[in-house]
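The file work-v2.pdb comes next; it holds PDB, C-alpha atoms and all ligand atoms.
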```
ATOM      1  CA  MET V   1       5.156 -19.390   4.603
ATOM      2  CA  THR V   2       3.577 -16.313   3.051
ATOM      3  CA  THR V   3       5.025 -14.938  -0.170
ATOM      4  CA  TRP V   4       4.388 -11.185  -0.329
ATOM      5  CA  LEU V   5       3.814  -9.147  -3.455
ATOM      6  CA  ILE V   6       4.868  -5.597  -2.687
ATOM      7  CA  THR V   7       3.322  -3.213  -5.191
ATOM      8  CA  GLY V   8       5.290  -0.003  -5.517
ATOM      9  CA  GLY V   9       8.224  -1.841  -4.008
ATOM     10  CA  ALA V  10      10.767   0.136  -6.020
ATOM     11  CA  GLY V  11       9.467   3.361  -4.507
ATOM     12  CA  TYR V  12      10.782   5.444  -1.650
ATOM     13  CA  ILE V  13       8.835   3.580   1.019
ATOM     14  CA  GLY V  14       8.336   0.318  -0.849
ATOM     15  CA  ALA V  15      12.048  -0.365  -1.099
ATOM     16  CA  HIS V  16      12.337  -0.018   2.696
ATOM     17  CA  VAL V  17       9.348  -2.336   3.159
ATOM     18  CA  ALA V  18      10.739  -4.925   0.744
ATOM     19  CA  ARG V  19      14.178  -4.840   2.325
ATOM     20  CA  ALA V  20      12.861  -5.000   5.896
ATOM     21  CA  MET V  21      10.539  -7.878   5.129
ATOM     22  CA  ALA V  22      13.234  -9.807   3.268
ATOM     23  CA  GLU V  23      15.658  -9.250   6.145
ATOM     24  CA  ALA V  24      12.989 -10.562   8.513
ATOM     25  CA  GLY V  25      12.904 -13.796   6.530
ATOM     26  CA  GLU V  26       9.760 -13.159   4.503
ATOM     27  CA  ARG V  27       9.615 -14.121   0.839
ATOM     28  CA  VAL V  28       9.000 -10.939  -1.154
ATOM     29  CA  VAL V  29       8.415 -10.054  -4.796
ATOM     30  CA  VAL V  30       8.192  -6.461  -5.990
ATOM     31  CA  PHE V  31       5.606  -5.396  -8.565
ATOM     32  CA  ASP V  32       6.196  -1.887  -9.902
ATOM     33  CA  ASP V  33       5.612   0.049 -13.122
ATOM     34  CA  LEU V  34       8.760   2.100 -12.446
ATOM     35  CA  SER V  35       6.879   5.347 -13.127
ATOM     36  CA  THR V  36       8.628   6.872 -10.112
ATOM     37  CA  GLY V  37      10.361   3.760  -8.795
ATOM     38  CA  ILE V  38      14.059   3.009  -9.057
ATOM     39  CA  PRO V  39      15.113  -0.655  -9.404
ATOM     40  CA  GLU V  40      18.544   0.022  -7.875
ATOM     41  CA  ARG V  41      16.863   0.687  -4.529
ATOM     42  CA  LEU V  42      16.294  -3.045  -4.228
ATOM     43  CA  PRO V  43      18.830  -5.730  -3.359
ATOM     44  CA  ARG V  44      19.499  -8.069  -6.287
ATOM     45  CA  GLU V  45      17.962 -11.045  -4.505
ATOM     46  CA  ILE V  46      14.491  -9.466  -4.442
ATOM     47  CA  PRO V  47      12.666 -10.257  -7.718
ATOM     48  CA  LEU V  48      11.225  -7.246  -9.535
ATOM     49  CA  VAL V  49       8.254  -7.667 -11.868
ATOM     50  CA  GLU V  50       7.690  -4.600 -14.021
ATOM     51  CA  GLY V  51       3.986  -3.962 -14.514
ATOM     52  CA  SER V  52       1.047  -1.732 -13.690
ATOM     53  CA  THR V  53      -1.641  -2.459 -11.109
ATOM     54  CA  LEU V  54      -4.065  -1.559 -13.897
ATOM     55  CA  ASP V  55      -2.875  -4.613 -15.836
ATOM     56  CA  ARG V  56      -4.882  -7.573 -14.566
ATOM     57  CA  ALA V  57      -3.095 -10.105 -16.759
ATOM     58  CA  ALA V  58       0.302  -8.976 -15.485
ATOM     59  CA  LEU V  59      -0.921  -9.180 -11.892
ATOM     60  CA  ASP V  60      -2.395 -12.653 -12.411
ATOM     61  CA  ALA V  61       0.858 -13.853 -13.957
ATOM     62  CA  ALA V  62       3.012 -12.426 -11.161
ATOM     63  CA  ILE V  63       0.780 -13.866  -8.438
ATOM     64  CA  THR V  64       0.734 -17.302 -10.062
ATOM     65  CA  GLU V  65       4.396 -17.436 -11.019
ATOM     66  CA  HIS V  66       5.624 -16.468  -7.562
ATOM     67  CA  GLY V  67       2.942 -18.256  -5.524
ATOM     68  CA  VAL V  68       1.854 -15.011  -3.870
ATOM     69  CA  THR V  69      -0.274 -15.425  -0.739
ATOM     70  CA  GLY V  70      -0.047 -11.895   0.691
ATOM     71  CA  ILE V  71       0.001  -8.395  -0.795
ATOM     72  CA  VAL V  72       1.322  -5.087   0.541
ATOM     73  CA  HIS V  73      -0.145  -2.410  -1.714
ATOM     74  CA  LEU V  74       1.990   0.720  -1.848
ATOM     75  CA  ALA V  75       1.822   1.546  -5.560
ATOM     76  CA  ALA V  76       0.193   4.920  -6.063
ATOM     77  CA  LYS V  77       0.626   8.387  -7.444
ATOM     78  CA  LYS V  78       1.141  10.762  -4.526
ATOM     79  CA  GLN V  79       1.777  14.334  -5.722
ATOM     80  CA  VAL V  80      -0.985  16.608  -4.419
ATOM     81  CA  PRO V  81      -0.690  19.423  -7.023
ATOM     82  CA  GLU V  82      -0.567  16.829  -9.805
ATOM     83  CA  SER V  83      -3.698  15.189  -8.395
ATOM     84  CA  VAL V  84      -5.510  18.531  -8.554
ATOM     85  CA  ALA V  85      -4.383  19.048 -12.147
ATOM     86  CA  GLN V  86      -5.105  15.463 -13.239
ATOM     87  CA  PRO V  87      -7.897  14.032 -11.064
ATOM     88  CA  LEU V  88      -8.929  11.394 -13.612
ATOM     89  CA  PHE V  89      -5.367  10.108 -13.773
ATOM     90  CA  TYR V  90      -5.184   9.896  -9.963
ATOM     91  CA  TYR V  91      -8.505   8.137  -9.569
ATOM     92  CA  ARG V  92      -7.529   5.662 -12.293
ATOM     93  CA  GLU V  93      -4.053   4.930 -10.924
ATOM     94  CA  ASN V  94      -4.907   4.884  -7.236
ATOM     95  CA  LEU V  95      -8.498   3.678  -7.080
ATOM     96  CA  GLN V  96      -8.917   1.642 -10.255
ATOM     97  CA  GLY V  97      -5.456   0.191  -9.695
ATOM     98  CA  LEU V  98      -6.584  -0.936  -6.236
ATOM     99  CA  GLU V  99      -9.819  -2.361  -7.638
ATOM    100  CA  VAL V 100      -7.965  -4.399 -10.265
ATOM    101  CA  LEU V 101      -5.471  -5.606  -7.669
ATOM    102  CA  LEU V 102      -8.225  -6.655  -5.263
ATOM    103  CA  GLY V 103      -9.855  -8.577  -8.102
ATOM    104  CA  ALA V 104      -6.652 -10.402  -8.892
ATOM    105  CA  SER V 105      -6.116 -11.015  -5.188
ATOM    106  CA  ALA V 106      -9.594 -12.492  -4.728
ATOM    107  CA  ALA V 107      -9.335 -14.665  -7.837
ATOM    108  CA  ALA V 108      -6.054 -16.127  -6.630
ATOM    109  CA  GLY V 109      -7.282 -16.655  -3.070
ATOM    110  CA  VAL V 110      -4.654 -14.326  -1.604
ATOM    111  CA  GLN V 111      -5.079 -14.451   2.174
ATOM    112  CA  HIS V 112      -3.503 -11.222   3.360
ATOM    113  CA  PHE V 113      -3.777  -7.706   1.993
ATOM    114  CA  VAL V 114      -2.302  -4.513   3.423
ATOM    115  CA  PHE V 115      -3.282  -1.187   1.874
ATOM    116  CA  SER V 116      -1.238   1.952   2.415
ATOM    117  CA  SER V 117      -3.496   4.915   3.037
ATOM    118  CA  SER V 118      -2.299   8.412   3.936
ATOM    119  CA  ALA V 119      -2.708  11.178   6.473
ATOM    120  CA  ALA V 120      -4.048  13.148   3.495
ATOM    121  CA  VAL V 121      -7.407  11.515   4.238
ATOM    122  CA  TYR V 122      -7.773  13.918   7.192
ATOM    123  CA  GLY V 123      -7.458  17.086   5.135
ATOM    124  CA  MET V 124      -6.701  20.069   7.400
ATOM    125  CA  PRO V 125      -8.212  19.089  10.773
ATOM    126  CA  ASP V 126      -8.581  21.942  13.264
ATOM    127  CA  VAL V 127      -7.228  19.957  16.221
ATOM    128  CA  ASP V 128      -3.853  19.749  17.964
ATOM    129  CA  LEU V 129      -3.733  15.973  17.913
ATOM    130  CA  VAL V 130      -5.066  13.914  15.026
ATOM    131  CA  THR V 131      -6.217  10.449  16.050
ATOM    132  CA  GLU V 132      -7.789   7.519  14.264
ATOM    133  CA  ASP V 133     -11.167   8.976  15.290
ATOM    134  CA  THR V 134     -10.535  12.355  13.679
ATOM    135  CA  PRO V 135     -13.047  12.838  10.821
ATOM    136  CA  CYS V 136     -11.660  12.145   7.368
ATOM    137  CA  VAL V 137     -12.224  15.181   5.151
ATOM    138  CA  PRO V 138      -9.672  15.081   2.316
ATOM    139  CA  ILE V 139      -9.114  18.364   0.505
ATOM    140  CA  ASN V 140      -7.548  17.150  -2.728
ATOM    141  CA  PRO V 141      -8.012  14.286  -5.187
ATOM    142  CA  TYR V 142      -4.954  12.434  -3.851
ATOM    143  CA  GLY V 143      -6.460  12.269  -0.357
ATOM    144  CA  GLU V 144      -9.847  11.382  -1.827
ATOM    145  CA  THR V 145      -8.413   8.402  -3.692
ATOM    146  CA  LYS V 146      -6.835   7.152  -0.463
ATOM    147  CA  LEU V 147     -10.054   7.499   1.534
ATOM    148  CA  ALA V 148     -12.088   5.864  -1.230
ATOM    149  CA  GLY V 149      -9.450   3.126  -1.259
ATOM    150  CA  GLU V 150     -10.029   2.534   2.465
ATOM    151  CA  TRP V 151     -13.757   2.229   1.822
ATOM    152  CA  LEU V 152     -13.167  -0.195  -1.046
ATOM    153  CA  VAL V 153     -10.858  -2.386   1.032
ATOM    154  CA  ARG V 154     -13.390  -2.467   3.866
ATOM    155  CA  ALA V 155     -16.256  -3.289   1.531
ATOM    156  CA  VAL V 156     -14.307  -6.167   0.035
ATOM    157  CA  ARG V 157     -13.311  -7.404   3.457
ATOM    158  CA  ARG V 158     -16.955  -7.630   4.492
ATOM    159  CA  ARG V 159     -17.476 -10.096   1.674
ATOM    160  CA  ARG V 160     -14.361 -12.172   2.280
ATOM    161  CA  ASP V 161     -12.599 -13.773   5.164
ATOM    162  CA  ASP V 162      -9.232 -12.244   4.488
ATOM    163  CA  HIS V 163      -7.131 -10.202   6.836
ATOM    164  CA  LEU V 164      -7.333  -6.813   5.195
ATOM    165  CA  CYS V 165      -5.639  -3.913   6.911
ATOM    166  CA  VAL V 166      -5.685  -0.238   6.150
ATOM    167  CA  GLY V 167      -2.544   1.655   6.957
ATOM    168  CA  GLY V 168      -1.516   5.247   6.552
ATOM    169  CA  LEU V 169       1.698   7.139   6.877
ATOM    170  CA  ALA V 170       2.479   9.353   9.844
ATOM    171  CA  PRO V 171       1.657  11.748  11.254
ATOM    172  CA  PRO V 172      -0.391  10.285  12.779
ATOM    173  CA  PRO V 173       0.681   6.645  12.527
ATOM    174  CA  ARG V 174      -1.929   5.287  10.162
ATOM    175  CA  TRP V 175       0.909   3.199   8.774
ATOM    176  CA  SER V 176       4.037   1.953  10.469
ATOM    177  CA  LEU V 177       6.930  -0.354   9.981
ATOM    178  CA  THR V 178       8.839  -1.973  12.745
ATOM    179  CA  ALA V 179      12.497  -1.843  11.901
ATOM    180  CA  GLY V 180      13.946  -5.247  11.124
ATOM    181  CA  ARG V 181      10.629  -7.035  11.341
ATOM    182  CA  SER V 182       7.719  -7.487   9.050
ATOM    183  CA  SER V 183       5.080  -5.657  11.017
ATOM    184  CA  ALA V 184       3.162  -5.184   7.787
ATOM    185  CA  GLY V 185       2.957  -8.937   7.503
ATOM    186  CA  ALA V 186       2.232  -9.305  11.184
ATOM    187  CA  ALA V 187      -0.558  -6.756  10.913
ATOM    188  CA  ALA V 188      -1.998  -8.586   7.961
ATOM    189  CA  ARG V 189      -1.964 -11.868   9.819
ATOM    190  CA  ARG V 190      -3.388 -10.260  12.930
ATOM    191  CA  GLY V 191      -6.201  -8.556  11.073
ATOM    192  CA  THR V 192      -7.885  -5.407  12.322
ATOM    193  CA  GLY V 193     -11.513  -5.992  11.575
ATOM    194  CA  GLY V 194     -11.072  -3.673   8.630
ATOM    195  CA  ARG V 195     -10.244  -0.692  10.839
ATOM    196  CA  PRO V 196      -7.132   1.391  10.299
ATOM    197  CA  TRP V 197      -4.157  -0.080  12.028
ATOM    198  CA  ALA V 198      -1.658   2.058  13.885
ATOM    199  CA  GLY V 199       1.737   0.709  14.815
ATOM    200  CA  GLY V 200       2.741   0.627  18.445
ATOM    201  CA  ALA V 201       5.990   0.985  20.321
ATOM    202  CA  GLY V 202       9.026   0.389  18.196
ATOM    203  CA  ALA V 203       7.206   1.412  15.075
ATOM    204  CA  GLN V 204       8.985   3.670  12.673
ATOM    205  CA  SER V 205       7.154   5.993  10.335
ATOM    206  CA  PHE V 206       8.375   7.493   7.110
ATOM    207  CA  ASN V 207       7.624  11.030   6.027
ATOM    208  CA  ALA V 208       8.552  12.685   2.760
TER     209      ALA V 208
HETATM  210  N1  LIG V 301       6.024   9.321   1.245
HETATM  211  C1  LIG V 301       5.132   9.657   2.168
HETATM  212  O1  LIG V 301       5.391  10.435   3.103
HETATM  213  C2  LIG V 301       3.753   9.055   2.122
HETATM  214  C3  LIG V 301       2.791   9.578   2.985
HETATM  215  C4  LIG V 301       1.522   9.023   2.982
HETATM  216  C5  LIG V 301       1.230   7.933   2.166
HETATM  217  N2  LIG V 301       2.176   7.461   1.319
HETATM  218  C6  LIG V 301       1.810   6.324   0.464
HETATM  219  O2  LIG V 301       2.851   5.354   0.488
HETATM  220  C7  LIG V 301       2.946   4.726  -0.773
HETATM  221  C8  LIG V 301       4.365   4.813  -1.292
HETATM  222  O3  LIG V 301       4.745   6.167  -1.338
HETATM  223  P1  LIG V 301       6.214   6.613  -1.739
HETATM  224  O4  LIG V 301       6.489   7.872  -0.998
HETATM  225  O5  LIG V 301       7.132   5.470  -1.573
HETATM  226  O6  LIG V 301       5.997   6.986  -3.260
HETATM  227  P2  LIG V 301       6.912   6.604  -4.520
HETATM  228  O7  LIG V 301       6.389   7.408  -5.670
HETATM  229  O8  LIG V 301       8.341   6.699  -4.176
HETATM  230  O9  LIG V 301       6.563   5.076  -4.710
HETATM  231  C9  LIG V 301       5.418   4.641  -5.401
HETATM  232  C10 LIG V 301       5.850   3.446  -6.236
HETATM  233  O10 LIG V 301       4.701   2.922  -6.894
HETATM  234  C11 LIG V 301       5.022   2.726  -8.274
HETATM  235  N3  LIG V 301       3.736   2.868  -8.983
HETATM  236  C12 LIG V 301       2.980   3.977  -9.108
HETATM  237  N4  LIG V 301       1.851   3.700  -9.762
HETATM  238  C13 LIG V 301       1.909   2.374 -10.076
HETATM  239  C14 LIG V 301       1.025   1.494 -10.738
HETATM  240  N5  LIG V 301      -0.160   1.897 -11.242
HETATM  241  N6  LIG V 301       1.388   0.195 -10.867
HETATM  242  C15 LIG V 301       2.578  -0.250 -10.374
HETATM  243  N7  LIG V 301       3.442   0.553  -9.729
HETATM  244  C16 LIG V 301       3.111   1.852  -9.581
HETATM  245  C17 LIG V 301       6.054   3.768  -8.615
HETATM  246  O11 LIG V 301       6.872   3.438  -9.729
HETATM  247  C18 LIG V 301       6.856   3.812  -7.317
HETATM  248  O12 LIG V 301       7.903   2.860  -7.315
HETATM  249  C19 LIG V 301       1.907   5.413  -1.671
HETATM  250  O13 LIG V 301       0.734   4.628  -1.676
HETATM  251  C20 LIG V 301       1.667   6.725  -0.978
HETATM  252  O14 LIG V 301       0.385   7.225  -1.238
HETATM  253  C21 LIG V 301       3.427   7.996   1.266
END
```

Take the structure in the file and write it out as structure tokens.
Ligand SMILES: NC(=O)c1ccc[n+]([C@@H]2O[C@H](COP(=O)([O-])OP(=O)(O)OC[C@H]3O[C@@H](n4cnc5c(N)ncnc54)[C@H](O)[C@@H]3O)[C@@H](O)[C@H]2O)c1
Amino acid sequence: MTTWLITGGAGYIGAHVARAMAEAGERVVVFDDLSTGIPERLPREIPLVEGSTLDRAALDAAITEHGVTGIVHLAAKKQVPESVAQPLFYYRENLQGLEVLLGASAAAGVQHFVFSSSAAVYGMPDVDLVTEDTPCVPINPYGETKLAGEWLVRAVRRRRDDHLCVGGLAPPPRWSLTAGRSSAGAAARRGTGGRPWAGGAGAQSFNA
């Protein structure tokens, strides 16, 4: 049975992911620096490890202690104006944090990795319907860190045999959860050849 480390699991979306996966019978552990997360969003039975994705030692310890074999990576800074004002901070938190996490994941032989991207990767497309084939032209550092994160995940996947998925948040459905089931876990197990995965019927998207 896979044990999932959910980074950013005390966040707005992460708490829903953690709860849904736990209710579906998955073993889950939350890893969160609580910079915007709220521990009370989580049921008591879900373990919460406080730490930053920039902290390799903390990640290694959490992965080892809990026997983590899958990761859902939601931890990120997501405020567009703040990303414009503090691009270095956003690249460090979102891209370097992903790089450190992927390193810890590879070292521990973690089999499944799901990365939450964002519709911000599309920028302001001049089309009525945005699809997975719409060109990605982010217009702010936040969106850039998400697109660069997709590239990093894909590059790592080419070197490893893991099931790495890239997901985004709707609209359009670059990321989805199926209520009551761990579609994130299912997507990870299914694998997508490194291409963005869009949820199908029954999927539920979350928009701020
Ligand atoms: N909310 C949306 O509509 C939306 C849309 C597109 C993409 N996303 C993506 O979904 C993910 C979750 O978004 P959210 O709306 O739940 O945001 P949120 O701010 O509520 O949650 C992010 C969580 O990550 C934690 N975190 C931040 N940086 C961290 C770090 N370096 N190490 C450990 N924990 C850290 C925060 O404490 C918080 O609990 C993000 O990756 C975001 O980019 C969200």

Could you pull the residues within 8 Å of stretch 43-53 of chain V, counting all atoms listed in the file, minus those fewer than 5 positions along the same chain, as a short mmCIF file (atom, residue, chain, number, x, y, z; two decimals) with C-alpha atoms, in the frame of the given file?
```
data_model
loop_
_atom_site.label_atom_id
_atom_site.label_comp_id
_atom_site.auth_asym_id
_atom_site.auth_seq_id
_atom_site.Cartn_x
_atom_site.Cartn_y
_atom_site.Cartn_z
CA THR V 7 3.32 -3.21 -5.19
CA ALA V 18 10.74 -4.92 0.74
CA ARG V 19 14.18 -4.84 2.33
CA ALA V 22 13.23 -9.81 3.27
CA VAL V 28 9.00 -10.94 -1.15
CA VAL V 29 8.41 -10.05 -4.80
CA VAL V 30 8.19 -6.46 -5.99
CA PHE V 31 5.61 -5.40 -8.56
CA ASP V 32 6.20 -1.89 -9.90
CA ASP V 33 5.61 0.05 -13.12
CA LEU V 34 8.76 2.10 -12.45
CA ALA V 58 0.30 -8.98 -15.48
CA LEU V 59 -0.92 -9.18 -11.89
CA ALA V 62 3.01 -12.43 -11.16
CA ALA V 75 1.82 1.55 -5.56
CA GLU V 93 -4.05 4.93 -10.92
CA GLY V 97 -5.46 0.19 -9.70
CA LEU V 98 -6.58 -0.94 -6.24
CA VAL V 100 -7.96 -4.40 -10.26
CA LEU V 101 -5.47 -5.61 -7.67
#
```

For this session: Pull out every residue that the PyMOL selection byres (((not hetatm)) within 9 of (chain V and resi 301)) matches in the shown coordinates and put them as a VMD selection string.
Result: chain V and resid 7 to 16 31 to 39 50 to 55 73 to 79 92 to 94 96 to 98 115 to 120 142 to 143 146 167 to 171 174 to 175 205 to 208

Which polymer residues have any atom within 9 Å of an atom of V:Thr2, counting all atoms listed in the file, with same-chain residues fewer than 2 positions away left out, as an mmCIF file with C-alpha atoms, in the frame of the given file?
```cif
data_model
loop_
_atom_site.group_PDB
_atom_site.id
_atom_site.type_symbol
_atom_site.label_atom_id
_atom_site.label_comp_id
_atom_site.auth_asym_id
_atom_site.auth_seq_id
_atom_site.Cartn_x
_atom_site.Cartn_y
_atom_site.Cartn_z
ATOM 1 C CA TRP V 4 4.388 -11.185 -0.329
ATOM 2 C CA GLU V 26 9.760 -13.159 4.503
ATOM 3 C CA ARG V 27 9.615 -14.121 0.839
ATOM 4 C CA VAL V 28 9.000 -10.939 -1.154
ATOM 5 C CA GLY V 67 2.942 -18.256 -5.524
ATOM 6 C CA VAL V 68 1.854 -15.011 -3.870
ATOM 7 C CA THR V 69 -0.274 -15.425 -0.739
ATOM 8 C CA GLY V 70 -0.047 -11.895 0.691
ATOM 9 C CA GLN V 111 -5.079 -14.451 2.174
ATOM 10 C CA HIS V 112 -3.503 -11.222 3.360
ATOM 11 C CA GLY V 185 2.957 -8.937 7.503
#
```

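Take the candidates V:Asp126, V:Glu99, V:Thr3, V:Tyr90 and check each one against V:Glu65 using only C-alpha atoms; the shortest distance goes to V:Thr3.
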
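Between atom CA of V:Ala148 and atom CA of V:Ser105 there is a distance of 18.3 Å.
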
Seminar exercise, completed: note - atom CA of V:Ile63 and atom CA of V:Ala104 are separated by 8.2 Å

Exercise. Which one of V:Pro81, V:Leu5, V:Leu102, V:Tyr91 sits closest to V:Ala155 if you count all atoms listed in the file?
Worked result: V:Leu102

Problem set entry | Atomic separation - atom CA of V:Arg154 relative to atom CA of V:Leu95, Å | 13.5 Å

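Residues of protein, DNA or RNA having at least one counted atom within 9 Å of (-7.0, 15.4, 0.6), given only C-alpha atoms, are V:Val80, V:Ala119, V:Ala120, V:Val121, V:Tyr122, V:Gly123, V:Met124, V:Cys136, V:Val137, V:Pro138, V:Ile139, V:Asn140, V:Pro141, V:Tyr142, V:Gly143, V:Glu144, V:Thr145, V:Lys146, V:Leu147.
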
Those same residues, written as a PDB file, in the coordinates of the input with C-alpha atoms?
```pdb
ATOM      1  CA  VAL V  80      -0.985  16.608  -4.419  1.00  0.00           C
ATOM      2  CA  ALA V 119      -2.708  11.178   6.473  1.00  0.00           C
ATOM      3  CA  ALA V 120      -4.048  13.148   3.495  1.00  0.00           C
ATOM      4  CA  VAL V 121      -7.407  11.515   4.238  1.00  0.00           C
ATOM      5  CA  TYR V 122      -7.773  13.918   7.192  1.00  0.00           C
ATOM      6  CA  GLY V 123      -7.458  17.086   5.135  1.00  0.00           C
ATOM      7  CA  MET V 124      -6.701  20.069   7.400  1.00  0.00           C
ATOM      8  CA  CYS V 136     -11.660  12.145   7.368  1.00  0.00           C
ATOM      9  CA  VAL V 137     -12.224  15.181   5.151  1.00  0.00           C
ATOM     10  CA  PRO V 138      -9.672  15.081   2.316  1.00  0.00           C
ATOM     11  CA  ILE V 139      -9.114  18.364   0.505  1.00  0.00           C
ATOM     12  CA  ASN V 140      -7.548  17.150  -2.728  1.00  0.00           C
ATOM     13  CA  PRO V 141      -8.012  14.286  -5.187  1.00  0.00           C
ATOM     14  CA  TYR V 142      -4.954  12.434  -3.851  1.00  0.00           C
ATOM     15  CA  GLY V 143      -6.460  12.269  -0.357  1.00  0.00           C
ATOM     16  CA  GLU V 144      -9.847  11.382  -1.827  1.00  0.00           C
ATOM     17  CA  THR V 145      -8.413   8.402  -3.692  1.00  0.00           C
ATOM     18  CA  LYS V 146      -6.835   7.152  -0.463  1.00  0.00           C
ATOM     19  CA  LEU V 147     -10.054   7.499   1.534  1.00  0.00           C
TER      20      LEU V 147
END
```
